[in-house]
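Chemist: Got a structure for you, query-v3.csv, holding CSV, C-alpha atoms.
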```csv
chain,number,residue,atom,x,y,z
A,130,MET,CA,15.8,-17.4,28.9
A,131,ILE,CA,13.5,-17.9,25.9
A,132,ARG,CA,11.0,-20.7,26.0
A,133,LYS,CA,11.4,-23.0,23.0
A,134,ILE,CA,8.5,-22.6,20.7
A,135,GLU,CA,8.1,-24.7,17.6
A,136,LEU,CA,6.3,-23.7,14.4
A,137,SER,CA,3.8,-26.5,14.7
A,138,SER,CA,2.7,-25.3,18.2
A,139,LEU,CA,1.6,-21.9,16.9
A,140,PRO,CA,-2.1,-21.3,16.9
A,141,ASP,CA,-4.0,-21.6,13.6
A,142,ASP,CA,-4.5,-17.9,13.0
A,143,ILE,CA,-0.7,-17.3,13.1
A,144,LEU,CA,0.0,-20.2,10.8
A,145,MET,CA,-2.7,-18.8,8.5
A,146,HIS,CA,-0.9,-15.4,8.5
A,147,ILE,CA,2.3,-17.2,7.5
A,148,LEU,CA,0.6,-19.2,4.7
A,149,ASP,CA,-1.1,-16.0,3.4
A,150,LYS,CA,2.4,-14.5,3.0
A,151,LEU,CA,3.3,-17.2,0.5
A,152,GLU,CA,2.5,-15.7,-2.8
A,153,LEU,CA,2.0,-19.1,-4.5
A,154,LEU,CA,-0.8,-21.4,-3.5
A,155,SER,CA,1.4,-24.3,-4.4
A,156,ASP,CA,3.9,-23.3,-1.7
A,157,ALA,CA,1.0,-23.4,0.9
A,158,VAL,CA,-0.2,-26.8,-0.4
A,159,ARG,CA,3.3,-28.3,0.0
A,160,THR,CA,3.6,-26.8,3.5
A,161,CYS,CA,0.3,-28.2,4.7
A,162,VAL,CA,1.4,-31.8,4.1
A,163,LEU,CA,3.9,-31.5,7.0
A,164,SER,CA,1.4,-31.7,9.8
A,165,LYS,CA,-2.1,-33.3,10.1
A,166,ARG,CA,-3.1,-30.3,12.1
A,167,TRP,CA,-2.4,-28.1,9.1
A,168,SER,CA,-4.3,-30.0,6.4
A,169,HIS,CA,-7.5,-28.0,7.1
A,170,LEU,CA,-5.7,-24.7,6.8
A,171,LEU,CA,-5.8,-24.7,3.0
A,172,GLY,CA,-9.6,-24.2,3.3
A,173,LEU,CA,-9.0,-21.0,5.3
A,174,HIS,CA,-6.7,-19.5,2.7
A,175,SER,CA,-8.0,-16.0,1.9
A,176,GLY,CA,-6.1,-15.4,-1.3
A,177,ILE,CA,-6.6,-17.9,-4.1
A,178,VAL,CA,-4.5,-17.1,-7.1
A,179,LEU,CA,-4.0,-19.6,-9.9
A,180,ASP,CA,-2.3,-18.8,-13.2
A,181,ILE,CA,-2.0,-21.0,-16.2
A,182,SER,CA,1.2,-19.3,-17.3
A,183,ARG,CA,3.0,-20.8,-14.3
A,184,TYR,CA,2.5,-24.2,-15.8
A,185,LEU,CA,3.6,-23.3,-19.3
A,186,PRO,CA,7.2,-23.8,-20.5
A,187,GLU,CA,7.6,-20.0,-20.9
A,188,VAL,CA,5.4,-17.2,-19.6
A,189,HIS,CA,3.1,-15.9,-22.4
A,190,SER,CA,4.9,-18.2,-24.7
A,191,ILE,CA,3.4,-17.9,-28.2
A,192,GLY,CA,5.5,-20.9,-29.2
A,193,CYS,CA,4.0,-23.5,-26.8
A,194,THR,CA,2.3,-26.4,-28.3
A,195,LEU,CA,-1.4,-27.2,-28.0
A,196,GLN,CA,-0.4,-30.2,-25.9
A,197,GLU,CA,1.4,-28.1,-23.4
A,198,LEU,CA,-1.4,-25.7,-23.2
A,199,VAL,CA,-4.0,-28.4,-22.6
A,200,ARG,CA,-1.8,-29.9,-19.9
A,201,ALA,CA,-1.3,-26.6,-18.2
A,202,ASN,CA,-5.0,-25.8,-18.4
A,203,LEU,CA,-5.8,-29.2,-16.8
A,204,LEU,CA,-3.5,-28.4,-14.0
A,205,VAL,CA,-5.3,-25.1,-13.3
A,206,VAL,CA,-8.7,-26.9,-13.5
A,207,GLU,CA,-7.5,-29.5,-11.1
A,208,ALA,CA,-6.0,-27.0,-8.7
A,209,THR,CA,-9.2,-24.9,-8.7
A,210,LYS,CA,-11.3,-27.9,-7.9
A,211,ARG,CA,-9.0,-29.1,-5.1
A,212,ILE,CA,-8.6,-25.8,-3.4
A,213,LEU,CA,-12.2,-24.8,-3.6
A,214,SER,CA,-13.5,-28.2,-2.5
A,215,HIS,CA,-12.2,-27.6,1.1
A,216,GLU,CA,-15.1,-27.3,3.5
A,217,SER,CA,-14.8,-23.7,4.7
A,218,ARG,CA,-16.9,-20.7,5.5
A,219,HIS,CA,-14.0,-18.3,5.6
A,220,THR,CA,-14.1,-15.2,3.4
A,221,ILE,CA,-12.0,-15.3,0.2
A,222,MET,CA,-10.4,-11.9,0.0
A,223,ASN,CA,-9.1,-12.3,-3.5
A,224,LEU,CA,-9.9,-15.0,-6.0
A,225,SER,CA,-8.0,-14.9,-9.3
A,226,ILE,CA,-7.9,-17.6,-11.8
A,227,ARG,CA,-6.3,-17.4,-15.2
A,228,PHE,CA,-7.2,-20.2,-17.5
A,229,CYS,CA,-7.8,-21.0,-21.1
A,230,LEU,CA,-11.3,-21.1,-22.6
A,231,ARG,CA,-11.7,-24.8,-23.2
A,232,ASP,CA,-14.5,-27.3,-22.6
A,233,GLU,CA,-12.9,-28.8,-19.5
A,234,SER,CA,-12.6,-25.3,-18.0
A,235,ILE,CA,-16.3,-25.5,-17.2
A,236,ASP,CA,-15.2,-27.2,-14.0
A,237,ILE,CA,-13.5,-24.0,-12.9
A,238,VAL,CA,-16.8,-22.1,-13.3
A,239,ARG,CA,-18.6,-24.8,-11.4
A,240,SER,CA,-16.1,-24.8,-8.5
A,241,VAL,CA,-16.2,-21.0,-8.3
A,242,GLY,CA,-20.0,-21.0,-8.4
A,243,LYS,CA,-20.1,-23.6,-5.6
A,244,ALA,CA,-17.6,-21.8,-3.5
A,245,MET,CA,-19.5,-18.5,-3.8
A,246,GLU,CA,-22.6,-20.3,-2.5
A,247,ASN,CA,-20.9,-21.2,0.7
A,248,ARG,CA,-18.2,-18.6,1.2
A,249,GLU,CA,-18.1,-14.8,0.9
A,250,VAL,CA,-15.9,-13.7,-1.9
A,251,LEU,CA,-14.8,-10.1,-1.8
A,252,ALA,CA,-12.9,-9.7,-5.0
A,253,ALA,CA,-12.8,-11.9,-8.0
A,254,GLU,CA,-10.6,-11.7,-11.1
A,255,VAL,CA,-11.6,-13.9,-13.9
A,256,ILE,CA,-9.0,-13.9,-16.6
A,257,MET,CA,-10.0,-15.9,-19.6
A,258,GLU,CA,-7.5,-16.3,-22.3
A,259,GLN,CA,-9.0,-16.5,-25.7
A,260,GLY,CA,-6.4,-19.1,-26.5
A,261,LEU,CA,-2.7,-18.5,-26.2
A,262,LEU,CA,-2.2,-19.8,-29.7
A,263,TYR,CA,-5.2,-18.2,-31.3
A,264,LEU,CA,-6.3,-21.8,-31.7
A,265,LEU,CA,-8.9,-21.9,-29.1
A,266,GLN,CA,-11.6,-19.4,-29.8
A,267,ILE,CA,-14.0,-21.2,-27.6
A,268,TRP,CA,-16.5,-19.1,-25.7
A,269,ILE,CA,-17.5,-20.2,-22.3
A,270,GLN,CA,-20.8,-22.0,-22.2
A,271,PRO,CA,-23.8,-19.7,-21.5
A,272,GLU,CA,-25.3,-22.1,-19.0
A,273,ALA,CA,-22.1,-21.9,-16.9
A,274,LEU,CA,-22.5,-18.1,-16.8
A,275,ILE,CA,-26.0,-18.3,-15.6
A,276,LEU,CA,-24.9,-20.8,-12.9
A,277,LEU,CA,-22.2,-18.3,-11.8
A,278,ALA,CA,-24.5,-15.3,-11.9
A,279,SER,CA,-26.9,-16.7,-9.3
A,280,LYS,CA,-24.0,-16.7,-6.8
A,281,MET,CA,-22.4,-13.4,-7.5
A,282,GLN,CA,-24.7,-11.0,-5.6
A,283,LYS,CA,-22.2,-10.5,-2.8
A,284,LEU,CA,-19.2,-9.8,-5.0
A,285,GLN,CA,-17.7,-6.3,-4.5
A,286,ILE,CA,-14.9,-6.1,-7.0
A,287,ILE,CA,-14.7,-7.8,-10.4
A,288,ARG,CA,-11.8,-7.5,-12.9
A,289,LEU,CA,-12.4,-8.8,-16.4
A,290,ARG,CA,-9.4,-9.1,-18.6
A,291,CYS,CA,-8.8,-10.2,-22.1
A,292,ILE,CA,-12.5,-10.0,-23.0
A,293,HIS,CA,-13.0,-10.1,-26.7
A,294,GLU,CA,-14.0,-6.6,-27.8
A,295,GLU,CA,-17.1,-7.8,-29.6
A,296,CYS,CA,-18.4,-9.1,-26.4
A,297,ASP,CA,-17.2,-6.6,-23.8
A,298,LEU,CA,-20.6,-4.8,-23.6
A,299,THR,CA,-22.5,-8.1,-23.1
A,300,TRP,CA,-20.1,-9.2,-20.4
A,301,THR,CA,-20.1,-5.9,-18.6
A,302,MET,CA,-23.9,-5.8,-18.6
A,303,PHE,CA,-24.0,-9.4,-17.4
A,304,PHE,CA,-21.8,-8.7,-14.4
A,305,LEU,CA,-23.6,-5.5,-13.6
A,306,GLU,CA,-26.9,-7.3,-13.4
A,307,ALA,CA,-25.6,-10.3,-11.5
A,308,ALA,CA,-23.5,-8.5,-8.8
A,309,SER,CA,-25.9,-6.1,-7.2
A,310,LEU,CA,-23.4,-5.0,-4.5
A,311,LEU,CA,-20.6,-4.4,-6.9
A,312,LYS,CA,-18.4,-1.4,-5.9
A,313,GLU,CA,-15.7,-1.7,-8.6
A,314,LEU,CA,-15.7,-3.2,-12.0
A,315,HIS,CA,-12.6,-3.2,-14.2
A,316,VAL,CA,-12.8,-4.2,-17.8
A,317,GLN,CA,-10.0,-4.7,-20.2
A,318,VAL,CA,-10.8,-5.7,-23.8
A,319,SER,CA,-8.9,-8.3,-25.7
A,320,CYS,CA,-5.2,-8.1,-25.2
A,321,PHE,CA,-4.4,-9.8,-28.5
B,228,MET,CA,-0.3,22.5,21.2
B,229,ALA,CA,-0.5,22.1,25.0
B,230,ALA,CA,-1.0,18.7,26.3
B,231,PRO,CA,1.2,18.7,29.4
B,232,GLU,CA,-0.5,15.7,31.1
B,233,SER,CA,-0.3,13.3,28.2
B,234,GLY,CA,2.7,14.6,26.3
B,235,ASP,CA,3.1,12.3,23.3
B,236,GLY,CA,6.6,13.2,22.4
B,237,ASN,CA,5.8,16.3,20.5
B,238,ASN,CA,6.6,18.6,23.3
B,239,GLY,CA,9.3,18.4,26.0
B,240,ALA,CA,10.0,15.1,27.7
B,241,ALA,CA,8.1,12.1,26.2
B,242,ARG,CA,5.6,10.3,28.4
B,243,MET,CA,7.0,7.0,29.6
B,244,VAL,CA,5.2,3.8,30.6
B,245,THR,CA,6.4,0.6,32.3
B,246,LEU,CA,5.8,-2.9,31.0
B,247,ILE,CA,6.4,-5.9,33.2
B,248,SER,CA,7.4,-9.2,31.5
B,249,SER,CA,6.2,-12.7,32.7
B,250,ASP,CA,9.4,-13.1,34.6
B,251,ASN,CA,8.9,-9.8,36.4
B,252,THR,CA,11.4,-7.7,34.5
B,253,ARG,CA,10.4,-4.0,34.2
B,254,PHE,CA,10.8,-2.2,30.9
B,255,GLU,CA,10.5,1.6,30.8
B,256,VAL,CA,9.6,2.7,27.3
B,257,GLU,CA,8.1,5.8,25.5
B,258,ALA,CA,4.3,5.6,25.4
B,259,ALA,CA,4.4,6.3,21.7
B,260,ALA,CA,6.5,3.1,21.1
B,261,ALA,CA,4.3,0.9,23.4
B,262,SER,CA,1.2,2.2,21.6
B,263,LEU,CA,2.2,0.3,18.5
B,264,SER,CA,0.5,-2.5,20.3
B,265,GLN,CA,-3.2,-2.2,19.8
B,266,THR,CA,-3.7,-4.1,23.0
B,267,LEU,CA,-1.7,-1.6,25.1
B,268,GLN,CA,-2.9,1.5,23.3
B,269,LEU,CA,-6.2,1.8,25.1
B,270,THR,CA,-4.7,1.2,28.5
B,271,ILE,CA,-2.0,3.9,27.7
B,272,LEU,CA,-4.6,6.3,26.4
B,273,ASP,CA,-6.5,5.9,29.7
B,274,GLY,CA,-3.4,7.0,31.5
B,275,GLY,CA,-2.3,3.5,32.6
B,276,GLY,CA,1.2,2.1,32.8
B,277,GLY,CA,2.8,5.3,34.3
B,278,GLY,CA,4.6,5.8,37.6
B,279,GLY,CA,5.1,2.7,39.8
B,280,ASP,CA,2.2,0.8,38.4
B,281,GLY,CA,3.4,-0.8,35.2
B,282,ILE,CA,1.4,-3.0,32.8
B,283,PRO,CA,1.9,-6.7,33.4
B,284,LEU,CA,2.3,-8.9,30.3
B,285,PRO,CA,2.0,-12.4,31.7
B,286,ASN,CA,2.4,-14.0,28.2
B,287,VAL,CA,5.6,-12.4,27.2
B,288,ASP,CA,9.0,-13.2,28.7
B,289,SER,CA,11.7,-10.6,29.1
B,290,ALA,CA,14.0,-11.8,26.3
B,291,THR,CA,11.1,-11.6,23.8
B,292,LEU,CA,9.7,-8.4,25.2
B,293,SER,CA,13.1,-6.6,24.9
B,294,LYS,CA,13.2,-7.7,21.2
B,295,VAL,CA,9.6,-6.6,20.7
B,296,LEU,CA,10.4,-3.2,22.2
B,297,GLU,CA,13.5,-2.8,20.0
B,298,TYR,CA,11.1,-3.1,17.0
B,299,CYS,CA,8.6,-0.7,18.5
B,300,ILE,CA,11.1,2.0,19.4
B,301,LYS,CA,12.5,1.9,15.9
B,302,HIS,CA,9.1,2.0,14.2
B,303,ALA,CA,7.4,4.5,16.6
B,304,PRO,CA,8.5,7.7,14.8
B,305,ALA,CA,7.2,6.5,11.4
B,306,ALA,CA,4.0,5.2,12.9
B,307,ALA,CA,3.4,8.6,14.6
B,308,ASN,CA,3.5,10.2,11.2
B,309,GLY,CA,0.6,8.1,10.1
B,310,GLY,CA,2.6,5.4,8.3
B,311,ALA,CA,5.1,8.2,7.4
B,312,PRO,CA,3.8,9.3,4.0
B,313,ASN,CA,6.4,12.1,4.1
B,314,ALA,CA,9.3,9.8,5.1
B,315,THR,CA,12.3,10.2,2.9
B,316,ALA,CA,13.6,7.3,0.8
B,317,VAL,CA,16.6,7.3,3.1
B,318,ASP,CA,14.3,6.8,6.2
B,319,ARG,CA,12.4,4.0,4.5
B,320,ALA,CA,15.5,2.3,3.4
B,321,GLU,CA,16.9,2.5,6.9
B,322,LEU,CA,13.7,0.9,8.3
B,323,GLU,CA,13.9,-1.8,5.7
B,324,ARG,CA,17.5,-2.5,6.5
B,325,PHE,CA,16.6,-2.7,10.2
B,326,ASP,CA,13.7,-5.0,9.5
B,327,ASN,CA,15.8,-7.4,7.5
B,328,GLU,CA,18.5,-7.6,10.1
B,329,PHE,CA,15.9,-7.8,12.9
B,330,VAL,CA,14.4,-11.1,11.7
B,331,ASN,CA,17.8,-12.6,11.0
B,332,ILE,CA,17.6,-14.7,14.2
B,333,ASP,CA,17.0,-18.1,15.6
B,334,GLN,CA,13.8,-19.8,14.6
B,335,SER,CA,12.5,-20.3,18.1
B,336,VAL,CA,13.0,-16.6,18.7
B,337,LEU,CA,11.0,-15.9,15.6
B,338,TYR,CA,8.1,-18.0,16.8
B,339,SER,CA,8.2,-16.3,20.3
B,340,LEU,CA,8.2,-13.0,18.5
B,341,ILE,CA,5.2,-13.7,16.3
B,342,MET,CA,3.3,-15.1,19.3
B,343,ALA,CA,4.0,-11.9,21.3
B,344,ALA,CA,3.2,-9.7,18.3
B,345,HIS,CA,-0.1,-11.6,17.9
B,346,ASN,CA,-1.0,-11.2,21.6
B,347,LEU,CA,0.0,-7.6,21.7
B,348,GLU,CA,-1.6,-6.9,18.3
B,349,ILE,CA,1.4,-5.3,16.7
B,350,GLU,CA,0.5,-5.6,13.1
B,351,GLY,CA,3.8,-4.5,11.5
B,352,LEU,CA,5.8,-7.0,13.5
B,353,GLN,CA,3.3,-9.9,12.9
B,354,SER,CA,3.6,-9.2,9.2
B,355,LEU,CA,7.3,-8.9,9.3
B,356,VAL,CA,7.9,-12.3,11.0
B,357,ALA,CA,5.2,-14.1,9.0
B,358,LYS,CA,6.9,-12.9,5.8
B,359,LYS,CA,10.3,-14.1,7.1
B,360,VAL,CA,8.9,-17.6,7.8
B,361,ALA,CA,7.1,-17.6,4.5
B,362,ASP,CA,10.4,-16.7,2.7
B,363,MET,CA,12.0,-19.8,4.4
B,364,ILE,CA,9.3,-22.0,2.9
B,365,LYS,CA,9.0,-20.6,-0.6
B,366,GLY,CA,9.9,-22.8,-3.6
B,367,LYS,CA,10.9,-25.8,-1.4
B,368,SER,CA,9.8,-29.4,-1.5
B,369,PRO,CA,8.0,-30.8,1.6
B,370,MET,CA,11.2,-32.6,2.6
B,371,GLU,CA,13.3,-29.4,2.3
B,372,ILE,CA,10.6,-27.5,4.2
B,373,ARG,CA,10.8,-30.1,7.0
B,374,ARG,CA,14.5,-29.7,7.2
B,375,THR,CA,14.5,-25.9,7.1
B,376,LEU,CA,11.9,-25.7,9.8
B,377,GLY,CA,13.6,-28.2,12.0
B,378,PHE,CA,11.0,-31.0,11.8
B,379,PRO,CA,12.4,-34.5,12.5
B,380,ASP,CA,12.8,-36.8,9.6
B,381,PRO,CA,9.5,-38.3,8.5
B,382,THR,CA,8.4,-41.7,9.8
B,383,PRO,CA,7.6,-44.3,7.2
B,384,GLU,CA,3.9,-43.5,7.7
B,385,GLU,CA,4.5,-39.7,7.1
B,386,GLN,CA,6.7,-40.5,4.1
B,387,ALA,CA,3.9,-42.5,2.6
B,388,GLU,CA,1.5,-39.7,3.3
B,389,MET,CA,3.8,-37.2,1.6
B,390,ASN,CA,4.1,-39.5,-1.5
B,391,ALA,CA,0.3,-39.8,-1.7
B,392,HIS,CA,0.0,-36.0,-1.3
B,393,MET,CA,2.3,-35.5,-4.3
B,394,LEU,CA,0.1,-37.7,-6.4
B,395,GLU,CA,-3.1,-36.1,-5.3
B,396,TYR,CA,-1.8,-32.5,-5.6
B,397,GLY,CA,0.4,-32.9,-8.6
B,398,TRP,CA,-0.2,-29.3,-9.8
B,399,ALA,CA,1.4,-28.0,-6.6
B,400,TYR,CA,4.6,-29.8,-7.3
B,401,GLU,CA,5.2,-28.5,-10.9
```
Represent the structure of the file as structure tokens.
Modeler:
Amino acid sequence: MIRKIELSSLPDDILMHILDKLELLSDAVRTCVLSKRWSHLLGLHSGIVLDISRYLPEVHSIGCTLQELVRANLLVVEATKRILSHESRHTIMNLSIRFCLRDESIDIVRSVGKAMENREVLAAEVIMEQGLLYLLQIWIQPEALILLASKMQKLQIIRLRCIHEECDLTWTMFFLEAASLLKELHVQVSCF
Amino acid sequence: MAAPESGDGNNGAARMVTLISSDNTRFEVEAAAASLSQTLQLTILDGGGGGGDGIPLPNVDSATLSKVLEYCIKHAPAAANGGAPNATAVDRAELERFDNEFVNIDQSVLYSLIMAAHNLEIEGLQSLVAKKVADMIKGKSPMEIRRTLGFPDPTPEEQAEMNAHMLEYGWAYE
């Protein structure tokens, strides 16, 4: 006879294993509301992947309005802040955030910088869209970069995508200097 | 290749080991299959589990252990080939078919299995069951997840908490 075991009685590391198999962070967030015991599990999540295109009416839509873009970007900013605000010392295996270069996106950089101060981050992918509509040619503020640089020493893998070709060398040099333990660096210049 | 004492299935009769479940049922299984468990592997390499001795597994009941061994026996040949880089597409498809069917079972059995796989450190099985449970959760609302996973209906307090969560984590409900 099999002893009845319930999901909620499984130990944390097994639950984490299950949550890690959920490709979308939002699925994990909706699962963790089910039990008080699970609410801290979000802070243990080892893969943090957020993508603005998920919140847009159509993936890579050229036709989306500025309003839709701003709204989607705000959701990514909010999600990043929420997820990275969990008290945790667990290693982040993969951190990938795709957002739009707008003023409010500075909070993403701040959250990432803060998380890197407290947690070990093994691989980070920072995908900065130049503006899905060509409307938003806003460069990320230099002070935000300096803030991030001071916390990047332990980073091992960086992937930079959609970097404007005029700035690719500057960015590459910047990351090479900041992340002294870097093992892999991928750079892809502007995809537009 | 002569390794008569510790034949691993490459020559002649495969070495067998005995595993004893928490309810004292004895299972005789090829050492190669049992070695999928990282926990058992060392004992087996040291020559344990043979003859009348057997390896006691106080945390795994017989129904769960028989299911675990079904998985190990099926996956042992591929594991012996180092993750089977040379496996044919047919072999891989067959394993995939087996896996899909294998986890098509009652939820409490799934949870017993993942506990056992965790205790015995059988990575492939842990991953397989975790993926299955994750698939049952994907894309559902908290209420649907509750029902799917057999949680009782929420108390008014829990309902209020779920509503508050939805406001707080709006982006996760898009």
Chemist: Would you mind listing what lies within 12 Å of Ile177 in chain A as a PDB file with C-alpha atoms, in the frame of the given file, with all atoms listed in the file counted and same-chain residues fewer than 3 positions away left out?
Modeler:
```pdb
ATOM      1  CA  LEU A 148       0.600 -19.200   4.700  1.00  0.00           C
ATOM      2  CA  ASP A 149      -1.100 -16.000   3.400  1.00  0.00           C
ATOM      3  CA  LYS A 150       2.400 -14.500   3.000  1.00  0.00           C
ATOM      4  CA  LEU A 151       3.300 -17.200   0.500  1.00  0.00           C
ATOM      5  CA  GLU A 152       2.500 -15.700  -2.800  1.00  0.00           C
ATOM      6  CA  LEU A 153       2.000 -19.100  -4.500  1.00  0.00           C
ATOM      7  CA  LEU A 154      -0.800 -21.400  -3.500  1.00  0.00           C
ATOM      8  CA  SER A 155       1.400 -24.300  -4.400  1.00  0.00           C
ATOM      9  CA  ALA A 157       1.000 -23.400   0.900  1.00  0.00           C
ATOM     10  CA  VAL A 158      -0.200 -26.800  -0.400  1.00  0.00           C
ATOM     11  CA  LEU A 171      -5.800 -24.700   3.000  1.00  0.00           C
ATOM     12  CA  GLY A 172      -9.600 -24.200   3.300  1.00  0.00           C
ATOM     13  CA  LEU A 173      -9.000 -21.000   5.300  1.00  0.00           C
ATOM     14  CA  HIS A 174      -6.700 -19.500   2.700  1.00  0.00           C
ATOM     15  CA  ASP A 180      -2.300 -18.800 -13.200  1.00  0.00           C
ATOM     16  CA  VAL A 205      -5.300 -25.100 -13.300  1.00  0.00           C
ATOM     17  CA  ALA A 208      -6.000 -27.000  -8.700  1.00  0.00           C
ATOM     18  CA  THR A 209      -9.200 -24.900  -8.700  1.00  0.00           C
ATOM     19  CA  LYS A 210     -11.300 -27.900  -7.900  1.00  0.00           C
ATOM     20  CA  ARG A 211      -9.000 -29.100  -5.100  1.00  0.00           C
ATOM     21  CA  ILE A 212      -8.600 -25.800  -3.400  1.00  0.00           C
ATOM     22  CA  LEU A 213     -12.200 -24.800  -3.600  1.00  0.00           C
ATOM     23  CA  THR A 220     -14.100 -15.200   3.400  1.00  0.00           C
ATOM     24  CA  ILE A 221     -12.000 -15.300   0.200  1.00  0.00           C
ATOM     25  CA  MET A 222     -10.400 -11.900   0.000  1.00  0.00           C
ATOM     26  CA  ASN A 223      -9.100 -12.300  -3.500  1.00  0.00           C
ATOM     27  CA  LEU A 224      -9.900 -15.000  -6.000  1.00  0.00           C
ATOM     28  CA  SER A 225      -8.000 -14.900  -9.300  1.00  0.00           C
ATOM     29  CA  ILE A 226      -7.900 -17.600 -11.800  1.00  0.00           C
ATOM     30  CA  ARG A 227      -6.300 -17.400 -15.200  1.00  0.00           C
ATOM     31  CA  VAL A 241     -16.200 -21.000  -8.300  1.00  0.00           C
ATOM     32  CA  ALA A 244     -17.600 -21.800  -3.500  1.00  0.00           C
ATOM     33  CA  VAL A 250     -15.900 -13.700  -1.900  1.00  0.00           C
ATOM     34  CA  LEU A 251     -14.800 -10.100  -1.800  1.00  0.00           C
ATOM     35  CA  ALA A 252     -12.900  -9.700  -5.000  1.00  0.00           C
ATOM     36  CA  ALA A 253     -12.800 -11.900  -8.000  1.00  0.00           C
ATOM     37  CA  GLU A 254     -10.600 -11.700 -11.100  1.00  0.00           C
ATOM     38  CA  VAL A 255     -11.600 -13.900 -13.900  1.00  0.00           C
TER      39      VAL A 255
END
```
Chemist: Using only C-alpha atoms, determine which residues lie at most 12 Å from Trp167 in chain A, disregarding the query and same-chain residues fewer than 6 positions distant; provide the list as a compact mmCIF listing (two decimals) with C-alpha atoms, keeping the file's coordinate frame.
Modeler:
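What follows is the written file selection-v4.txt:
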```
# COMPACT_ATOMS: atom_id res chain seq x y z
CA LEU A 136 6.30 -23.70 14.40
CA SER A 137 3.80 -26.50 14.70
CA SER A 138 2.70 -25.30 18.20
CA LEU A 139 1.60 -21.90 16.90
CA PRO A 140 -2.10 -21.30 16.90
CA ASP A 141 -4.00 -21.60 13.60
CA ASP A 142 -4.50 -17.90 13.00
CA ILE A 143 -0.70 -17.30 13.10
CA LEU A 144 0.00 -20.20 10.80
CA MET A 145 -2.70 -18.80 8.50
CA ILE A 147 2.30 -17.20 7.50
CA LEU A 148 0.60 -19.20 4.70
CA ALA A 157 1.00 -23.40 0.90
CA VAL A 158 -0.20 -26.80 -0.40
CA ARG A 159 3.30 -28.30 0.00
CA THR A 160 3.60 -26.80 3.50
CA CYS A 161 0.30 -28.20 4.70
CA LEU A 173 -9.00 -21.00 5.30
CA HIS A 174 -6.70 -19.50 2.70
```
Chemist: Taking into account only C-alpha atoms, which residue in the set B:Ile332, B:Val287, B:Ala320, B:Met243 is nearest to chain A?
Modeler: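 Answer, going by the shortest atom-to-atom distance: B:Val287.
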Chemist: One decimal, Å: what's the distance from CA of Glu371 in chain B over to CA of Val295 in chain B, could you say?
Modeler: 29.5 Å
Chemist: Set out as JSON lines a contact list for chain B and chain A with a cut-off of 8 Å, giving each residue of chain B that qualifies its closest atom pair and distance in Å to one decimal, counting all atoms listed in the file, ordered by chain and rising residue number.
Modeler:
```
{"residue": "B:Asp288", "atom": "CA", "partner": "A:Ile131", "partner_atom": "CA", "distance": 7.1}
{"residue": "B:Ser289", "atom": "CA", "partner": "A:Met130", "partner_atom": "CA", "distance": 7.9}
{"residue": "B:Ala290", "atom": "CA", "partner": "A:Ile131", "partner_atom": "CA", "distance": 6.1}
{"residue": "B:Thr291", "atom": "CA", "partner": "A:Ile131", "partner_atom": "CA", "distance": 7.1}
{"residue": "B:Ser335", "atom": "CA", "partner": "A:Ile134", "partner_atom": "CA", "distance": 5.3}
{"residue": "B:Val336", "atom": "CA", "partner": "A:Ile131", "partner_atom": "CA", "distance": 7.3}
{"residue": "B:Tyr338", "atom": "CA", "partner": "A:Ile134", "partner_atom": "CA", "distance": 6.0}
{"residue": "B:Ser339", "atom": "CA", "partner": "A:Ile134", "partner_atom": "CA", "distance": 6.3}
{"residue": "B:Ile341", "atom": "CA", "partner": "A:Ile143", "partner_atom": "CA", "distance": 7.6}
{"residue": "B:Met342", "atom": "CA", "partner": "A:Leu139", "partner_atom": "CA", "distance": 7.4}
{"residue": "B:His345", "atom": "CA", "partner": "A:Ile143", "partner_atom": "CA", "distance": 7.5}
{"residue": "B:Ser354", "atom": "CA", "partner": "A:His146", "partner_atom": "CA", "distance": 7.7}
{"residue": "B:Ala357", "atom": "CA", "partner": "A:Ile147", "partner_atom": "CA", "distance": 4.5}
{"residue": "B:Lys358", "atom": "CA", "partner": "A:Lys150", "partner_atom": "CA", "distance": 5.5}
{"residue": "B:Val360", "atom": "CA", "partner": "A:Ile147", "partner_atom": "CA", "distance": 6.6}
{"residue": "B:Ala361", "atom": "CA", "partner": "A:Leu151", "partner_atom": "CA", "distance": 5.5}
{"residue": "B:Asp362", "atom": "CA", "partner": "A:Leu151", "partner_atom": "CA", "distance": 7.4}
{"residue": "B:Ile364", "atom": "CA", "partner": "A:Asp156", "partner_atom": "CA", "distance": 7.2}
{"residue": "B:Lys365", "atom": "CA", "partner": "A:Asp156", "partner_atom": "CA", "distance": 5.9}
{"residue": "B:Gly366", "atom": "CA", "partner": "A:Asp156", "partner_atom": "CA", "distance": 6.3}
{"residue": "B:Lys367", "atom": "CA", "partner": "A:Asp156", "partner_atom": "CA", "distance": 7.4}
{"residue": "B:Ser368", "atom": "CA", "partner": "A:Arg159", "partner_atom": "CA", "distance": 6.8}
{"residue": "B:Pro369", "atom": "CA", "partner": "A:Arg159", "partner_atom": "CA", "distance": 5.6}
{"residue": "B:Ile372", "atom": "CA", "partner": "A:Thr160", "partner_atom": "CA", "distance": 7.1}
{"residue": "B:Arg373", "atom": "CA", "partner": "A:Leu163", "partner_atom": "CA", "distance": 7.0}
{"residue": "B:Leu376", "atom": "CA", "partner": "A:Leu136", "partner_atom": "CA", "distance": 7.5}
{"residue": "B:Glu388", "atom": "CA", "partner": "A:Val162", "partner_atom": "CA", "distance": 7.9}
{"residue": "B:Met389", "atom": "CA", "partner": "A:Val162", "partner_atom": "CA", "distance": 6.4}
{"residue": "B:His392", "atom": "CA", "partner": "A:Val162", "partner_atom": "CA", "distance": 7.0}
{"residue": "B:Tyr396", "atom": "CA", "partner": "A:Ala208", "partner_atom": "CA", "distance": 7.6}
{"residue": "B:Trp398", "atom": "CA", "partner": "A:Leu204", "partner_atom": "CA", "distance": 5.4}
{"residue": "B:Ala399", "atom": "CA", "partner": "A:Ser155", "partner_atom": "CA", "distance": 4.3}
{"residue": "B:Tyr400", "atom": "CA", "partner": "A:Ser155", "partner_atom": "CA", "distance": 7.0}
{"residue": "B:Glu401", "atom": "CA", "partner": "A:Tyr184", "partner_atom": "CA", "distance": 7.1}
```
